[in-house]
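Undergrad: Structure supplied as start_36.pdb; contents: PDB, C-alpha atoms, pLDDT in the B column.
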```pdb
MODEL        1
ATOM      1  CA  MET A   1     -74.546 -32.362 -37.987  1.00 92.00           C
ATOM      2  CA  GLU A   2     -73.066 -35.579 -36.700  1.00 95.00           C
ATOM      3  CA  PRO A   3     -72.773 -36.468 -33.010  1.00 96.00           C
ATOM      4  CA  ALA A   4     -69.305 -36.922 -31.530  1.00 97.00           C
ATOM      5  CA  LYS A   5     -68.117 -40.320 -30.323  1.00 96.00           C
ATOM      6  CA  ASN A   6     -68.913 -39.525 -26.675  1.00 97.00           C
ATOM      7  CA  ALA A   7     -72.051 -37.446 -27.260  1.00 98.00           C
ATOM      8  CA  ASN A   8     -73.943 -39.611 -24.766  1.00 98.00           C
ATOM      9  CA  ASP A   9     -71.660 -38.545 -21.882  1.00 98.00           C
ATOM     10  CA  PRO A  10     -73.898 -37.109 -19.117  1.00 98.00           C
ATOM     11  CA  LEU A  11     -71.664 -34.028 -18.954  1.00 98.00           C
ATOM     12  CA  CYS A  12     -72.658 -33.208 -22.546  1.00 98.00           C
ATOM     13  CA  ALA A  13     -76.277 -33.182 -21.385  1.00 97.00           C
ATOM     14  CA  GLU A  14     -75.242 -30.587 -18.781  1.00 97.00           C
ATOM     15  CA  VAL A  15     -73.960 -28.445 -21.651  1.00 98.00           C
ATOM     16  CA  THR A  16     -76.713 -28.936 -24.203  1.00 97.00           C
ATOM     17  CA  VAL A  17     -79.627 -28.259 -21.836  1.00 97.00           C
ATOM     18  CA  ARG A  18     -78.095 -24.801 -21.342  1.00 98.00           C
ATOM     19  CA  LEU A  19     -77.628 -23.862 -25.013  1.00 98.00           C
ATOM     20  CA  PRO A  20     -78.785 -20.275 -25.556  1.00 98.00           C
ATOM     21  CA  ASN A  21     -81.549 -19.257 -27.953  1.00 98.00           C
ATOM     22  CA  ALA A  22     -79.117 -16.878 -29.656  1.00 97.00           C
ATOM     23  CA  VAL A  23     -75.379 -16.359 -30.038  1.00 97.00           C
ATOM     24  CA  GLY A  24     -74.947 -12.671 -30.708  1.00 95.00           C
ATOM     25  CA  HIS A  25     -77.519 -11.803 -33.351  1.00 95.00           C
ATOM     26  CA  LEU A  26     -77.702 -15.392 -34.626  1.00 97.00           C
ATOM     27  CA  ASP A  27     -80.818 -17.368 -33.706  1.00 97.00           C
ATOM     28  CA  ARG A  28     -80.600 -21.009 -32.694  1.00 98.00           C
ATOM     29  CA  GLN A  29     -81.346 -23.651 -35.297  1.00 97.00           C
ATOM     30  CA  TRP A  30     -82.484 -27.006 -33.952  1.00 93.00           C
ATOM     31  CA  THR A  31     -80.345 -30.024 -34.718  1.00 96.00           C
ATOM     32  CA  ASP A  32     -81.220 -33.698 -34.512  1.00 95.00           C
ATOM     33  CA  ALA A  33     -77.701 -34.885 -33.617  1.00 97.00           C
ATOM     34  CA  GLN A  34     -77.138 -35.585 -29.929  1.00 97.00           C
ATOM     35  CA  ALA A  35     -75.063 -33.018 -27.987  1.00 98.00           C
ATOM     36  CA  THR A  36     -74.924 -30.440 -30.792  1.00 98.00           C
ATOM     37  CA  GLY A  37     -76.128 -26.894 -31.292  1.00 98.00           C
ATOM     38  CA  ALA A  38     -76.232 -24.477 -34.224  1.00 98.00           C
ATOM     39  CA  TRP A  39     -76.898 -20.770 -34.708  1.00 97.00           C
ATOM     40  CA  GLY A  40     -77.546 -18.686 -37.818  1.00 96.00           C
ATOM     41  CA  ASP A  41     -79.257 -19.311 -41.132  1.00 94.00           C
ATOM     42  CA  PRO A  42     -77.150 -20.514 -42.794  1.00 93.00           C
ATOM     43  CA  VAL A  43     -75.349 -21.913 -39.769  1.00 95.00           C
ATOM     44  CA  ALA A  44     -72.437 -19.703 -38.705  1.00 96.00           C
ATOM     45  CA  VAL A  45     -71.779 -21.168 -35.241  1.00 97.00           C
ATOM     46  CA  ALA A  46     -71.854 -24.898 -34.516  1.00 98.00           C
ATOM     47  CA  LEU A  47     -71.191 -26.652 -31.201  1.00 98.00           C
ATOM     48  CA  THR A  48     -70.398 -30.333 -30.724  1.00 98.00           C
ATOM     49  CA  CYS A  49     -69.886 -31.950 -27.319  1.00 98.00           C
ATOM     50  CA  GLY A  50     -68.367 -35.382 -26.765  1.00 98.00           C
ATOM     51  CA  LEU A  51     -64.970 -35.206 -28.413  1.00 98.00           C
ATOM     52  CA  ASP A  52     -61.883 -36.759 -26.857  1.00 97.00           C
ATOM     53  CA  ALA A  53     -59.932 -34.199 -24.874  1.00 94.00           C
ATOM     54  CA  PRO A  54     -56.986 -32.918 -26.920  1.00 94.00           C
ATOM     55  CA  ALA A  55     -53.482 -33.720 -25.756  1.00 91.00           C
ATOM     56  CA  PRO A  56     -51.055 -30.926 -24.900  1.00 87.00           C
ATOM     57  CA  THR A  57     -49.819 -29.269 -28.061  1.00 84.00           C
ATOM     58  CA  ALA A  58     -47.829 -26.313 -29.283  1.00 83.00           C
ATOM     59  CA  GLU A  59     -49.483 -26.538 -32.714  1.00 88.00           C
ATOM     60  CA  PHE A  60     -52.461 -24.349 -31.779  1.00 91.00           C
ATOM     61  CA  GLN A  61     -52.784 -21.102 -29.879  1.00 91.00           C
ATOM     62  CA  CYS A  62     -54.473 -21.508 -26.513  1.00 92.00           C
ATOM     63  CA  VAL A  63     -56.752 -18.740 -25.301  1.00 92.00           C
ATOM     64  CA  SER A  64     -58.654 -18.449 -22.038  1.00 92.00           C
ATOM     65  CA  LEU A  65     -62.067 -16.834 -22.121  1.00 91.00           C
ATOM     66  CA  GLU A  66     -65.048 -17.041 -19.802  1.00 85.00           C
ATOM     67  CA  GLY A  67     -63.250 -19.529 -17.565  1.00 89.00           C
ATOM     68  CA  VAL A  68     -62.468 -22.018 -20.331  1.00 96.00           C
ATOM     69  CA  ASP A  69     -59.199 -22.722 -22.159  1.00 96.00           C
ATOM     70  CA  TRP A  70     -59.609 -23.147 -25.915  1.00 96.00           C
ATOM     71  CA  LEU A  71     -57.232 -24.465 -28.574  1.00 96.00           C
ATOM     72  CA  VAL A  72     -57.766 -22.355 -31.688  1.00 95.00           C
ATOM     73  CA  ASP A  73     -57.298 -23.971 -35.090  1.00 96.00           C
ATOM     74  CA  ALA A  74     -57.104 -21.069 -37.558  1.00 94.00           C
ATOM     75  CA  GLU A  75     -55.990 -23.157 -40.546  1.00 95.00           C
ATOM     76  CA  ASP A  76     -59.197 -22.407 -42.454  1.00 94.00           C
ATOM     77  CA  THR A  77     -59.518 -18.712 -41.473  1.00 93.00           C
ATOM     78  CA  PRO A  78     -62.062 -17.048 -41.564  1.00 95.00           C
ATOM     79  CA  TYR A  79     -63.555 -20.321 -40.309  1.00 95.00           C
ATOM     80  CA  LEU A  80     -62.207 -21.074 -36.827  1.00 96.00           C
ATOM     81  CA  ARG A  81     -62.383 -24.367 -34.954  1.00 97.00           C
ATOM     82  CA  MET A  82     -62.003 -23.966 -31.195  1.00 97.00           C
ATOM     83  CA  THR A  83     -61.766 -26.984 -28.908  1.00 97.00           C
ATOM     84  CA  SER A  84     -62.017 -26.851 -25.139  1.00 97.00           C
ATOM     85  CA  TYR A  85     -58.783 -27.846 -23.444  1.00 97.00           C
ATOM     86  CA  GLY A  86     -58.440 -29.658 -20.123  1.00 96.00           C
ATOM     87  CA  ARG A  87     -62.014 -30.977 -20.010  1.00 97.00           C
ATOM     88  CA  GLN A  88     -63.346 -34.446 -20.760  1.00 97.00           C
ATOM     89  CA  PRO A  89     -65.406 -34.694 -22.849  1.00 98.00           C
ATOM     90  CA  ALA A  90     -64.205 -31.834 -25.013  1.00 98.00           C
ATOM     91  CA  VAL A  91     -66.462 -29.315 -26.730  1.00 98.00           C
ATOM     92  CA  GLU A  92     -65.766 -27.987 -30.209  1.00 98.00           C
ATOM     93  CA  ILE A  93     -67.116 -24.695 -31.502  1.00 97.00           C
ATOM     94  CA  TYR A  94     -66.860 -23.919 -35.196  1.00 97.00           C
ATOM     95  CA  VAL A  95     -67.364 -20.258 -36.146  1.00 97.00           C
ATOM     96  CA  ASN A  96     -67.690 -18.568 -39.521  1.00 96.00           C
ATOM     97  CA  THR A  97     -66.146 -15.132 -38.888  1.00 95.00           C
ATOM     98  CA  THR A  98     -66.641 -13.709 -42.388  1.00 94.00           C
ATOM     99  CA  PRO A  99     -67.824 -10.061 -42.422  1.00 90.00           C
ATOM    100  CA  GLU A 100     -71.167 -11.087 -43.952  1.00 89.00           C
ATOM    101  CA  VAL A 101     -71.955 -13.080 -40.813  1.00 85.00           C
ATOM    102  CA  GLY A 102     -70.806 -10.360 -38.452  1.00 78.00           C
ATOM    103  CA  ILE A 103     -69.865 -12.505 -35.457  1.00 92.00           C
ATOM    104  CA  SER A 104     -66.443 -12.821 -33.932  1.00 94.00           C
ATOM    105  CA  SER A 105     -64.955 -15.892 -32.346  1.00 94.00           C
ATOM    106  CA  ASN A 106     -64.759 -13.989 -29.037  1.00 94.00           C
ATOM    107  CA  GLU A 107     -68.479 -13.223 -29.208  1.00 95.00           C
ATOM    108  CA  ALA A 108     -69.252 -16.899 -29.780  1.00 96.00           C
ATOM    109  CA  LEU A 109     -66.956 -18.014 -26.946  1.00 96.00           C
ATOM    110  CA  LYS A 110     -68.422 -15.426 -24.556  1.00 95.00           C
ATOM    111  CA  ALA A 111     -71.903 -16.777 -25.271  1.00 96.00           C
ATOM    112  CA  LEU A 112     -71.021 -20.478 -25.116  1.00 97.00           C
ATOM    113  CA  GLY A 113     -68.016 -20.646 -22.779  1.00 95.00           C
ATOM    114  CA  PRO A 114     -70.006 -20.329 -19.540  1.00 96.00           C
ATOM    115  CA  ILE A 115     -72.027 -23.462 -20.315  1.00 97.00           C
ATOM    116  CA  VAL A 116     -68.823 -25.431 -20.983  1.00 97.00           C
ATOM    117  CA  THR A 117     -67.778 -24.765 -17.375  1.00 97.00           C
ATOM    118  CA  HIS A 118     -70.312 -27.440 -16.399  1.00 97.00           C
ATOM    119  CA  ILE A 119     -67.656 -29.928 -17.530  1.00 98.00           C
ATOM    120  CA  PRO A 120     -65.011 -29.864 -14.777  1.00 97.00           C
ATOM    121  CA  ALA A 121     -61.523 -28.705 -15.731  1.00 96.00           C
ATOM    122  CA  THR A 122     -58.750 -31.191 -15.022  1.00 95.00           C
ATOM    123  CA  SER A 123     -55.890 -29.211 -16.559  1.00 93.00           C
ATOM    124  CA  ARG A 124     -55.205 -25.843 -18.151  1.00 91.00           C
ATOM    125  CA  CYS A 125     -53.051 -24.274 -20.802  1.00 88.00           C
ATOM    126  CA  ILE A 126     -49.659 -23.065 -19.720  1.00 78.00           C
ATOM    127  CA  SER A 127     -47.340 -20.544 -21.264  1.00 64.00           C
ATOM    128  CA  PRO A 128     -43.795 -21.456 -22.296  1.00 55.00           C
ATOM    129  CA  ASP A 129     -42.383 -19.695 -19.235  1.00 52.00           C
ATOM    130  CA  GLU A 130     -44.382 -22.070 -17.013  1.00 52.00           C
ATOM    131  CA  LEU A 131     -42.879 -25.258 -18.465  1.00 48.00           C
ATOM    132  CA  PRO A 132     -41.229 -27.501 -15.898  1.00 51.00           C
ATOM    133  CA  GLU A 133     -37.449 -27.656 -16.096  1.00 51.00           C
TER     134      GLU A 133
ENDMDL
END
```
The structure given in the file should be rewritten as structure tokens.
TA:
Amino acid sequence: MEPAKNANDPLCAEVTVRLPNAVGHLDRQWTDAQATGAWGDPVAVALTCGLDAPAPTAEFQCVSLEGVDWLVDAEDTPYLRMTSYGRQPAVEIYVNTTPEVGISSNEALKALGPIVTHIPATSRCISPDELPE
């Protein structure tokens, strides 16, 4: 794994010191890249902290789970890339949801979302009916 541009942000340390030993049934694999985490053998869930916060977009679905808004990039389904929204630095979670792995994106977000709350939220996703006129 490669560290993100802002992996040395102290808020990423707040996230990575709290990485769980398992995500679902997948055991943690140790990485040598700053502000990263990985689970499964082969790796099925990967976390990277230190990305630039994404700008508002209508390109990706936004879901809220465990107190965190996530932009979901499903272009490479069954591989999903989910990026925290409204937090700087951003956290990206990449999940292999193939049946052989047996982990869902929701299961990964439920396990990892609570640690992302250690990065303060500065904005949130809004639905189209909330857009200012």
Undergrad: Extract, using all atoms listed in the file, all DNA, RNA and protein residues at most 7 Å from region 67-79 of chain A, discarding same-chain residues fewer than 3 positions from it, and format them as a list in words.
TA: Phe60, Gln61, Cys62, Val63, Ser64, Met82, Thr83, Ser84, Tyr85, Val95, Asn96, Thr97, Thr98, Gly113, Thr117, Arg124 and Cys125 of chain A
Undergrad: Which residues match the PyMOL selection byres ((chain A and resi 23) around 12) in the file above, as a PyMOL selection string?
TA: chain A and resi 19-22+24-29+37-40+43-47+93+95+101-113
Undergrad: Could you please determine the separation between CA of Ile119 (chain A) and CA of Asp41 (chain A) in Å, to one decimal place?
TA: 28.4 Å
Undergrad: Could you tell me how far CA of Thr31 (chain A) sits from CA of Pro99 (chain A), in Å to one decimal place?
TA: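 Those two atoms sit 24.8 Å apart.
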Undergrad: Specify as a list in words each residue included when the PyMOL selection byres ((chain A and resi 32-36) around 8) is applied to this file.
TA: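 Applying the PyMOL selection byres ((chain A and resi 32-36) around 8) to the structure shown produces Met1, Glu2, Pro3, Ala4, Ala7, Asn8, Cys12, Ala13, Val15, Thr16, Trp30, Thr31, Gly37, Ala38, Ala46, Leu47, Thr48, Cys49 and Gly50 of chain A.
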Undergrad: CA of Thr122 (chain A) and CA of Tyr94 (chain A), how far apart in Å?
TA: 22.9 Å
Undergrad: Would you please work out which residue, of A:Asp9, A:Ala121, A:Glu59, A:Val116, is nearest to Val91 (chain A) when using all atoms listed in the file?
TA: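 For Val91 (chain A), the nearest of the candidates is A:Val116.
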Undergrad: Measuring atom to atom with all atoms listed in the file, identify which of A:Leu65, A:Leu80, A:Glu92, A:Pro54 is nearest to Ser123 (chain A).
TA: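 When distances to Ser123 (chain A) are compared using all atoms listed in the file, the smallest one comes from A:Pro54.
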Undergrad: For Ala53 (chain A), list every protein, DNA or RNA residue within 7 Å, evaluated using only C-alpha atoms, and leave out those in the same chain fewer than 5 positions away; present the list as a ChimeraX atom specification.
TA: /A:85-90
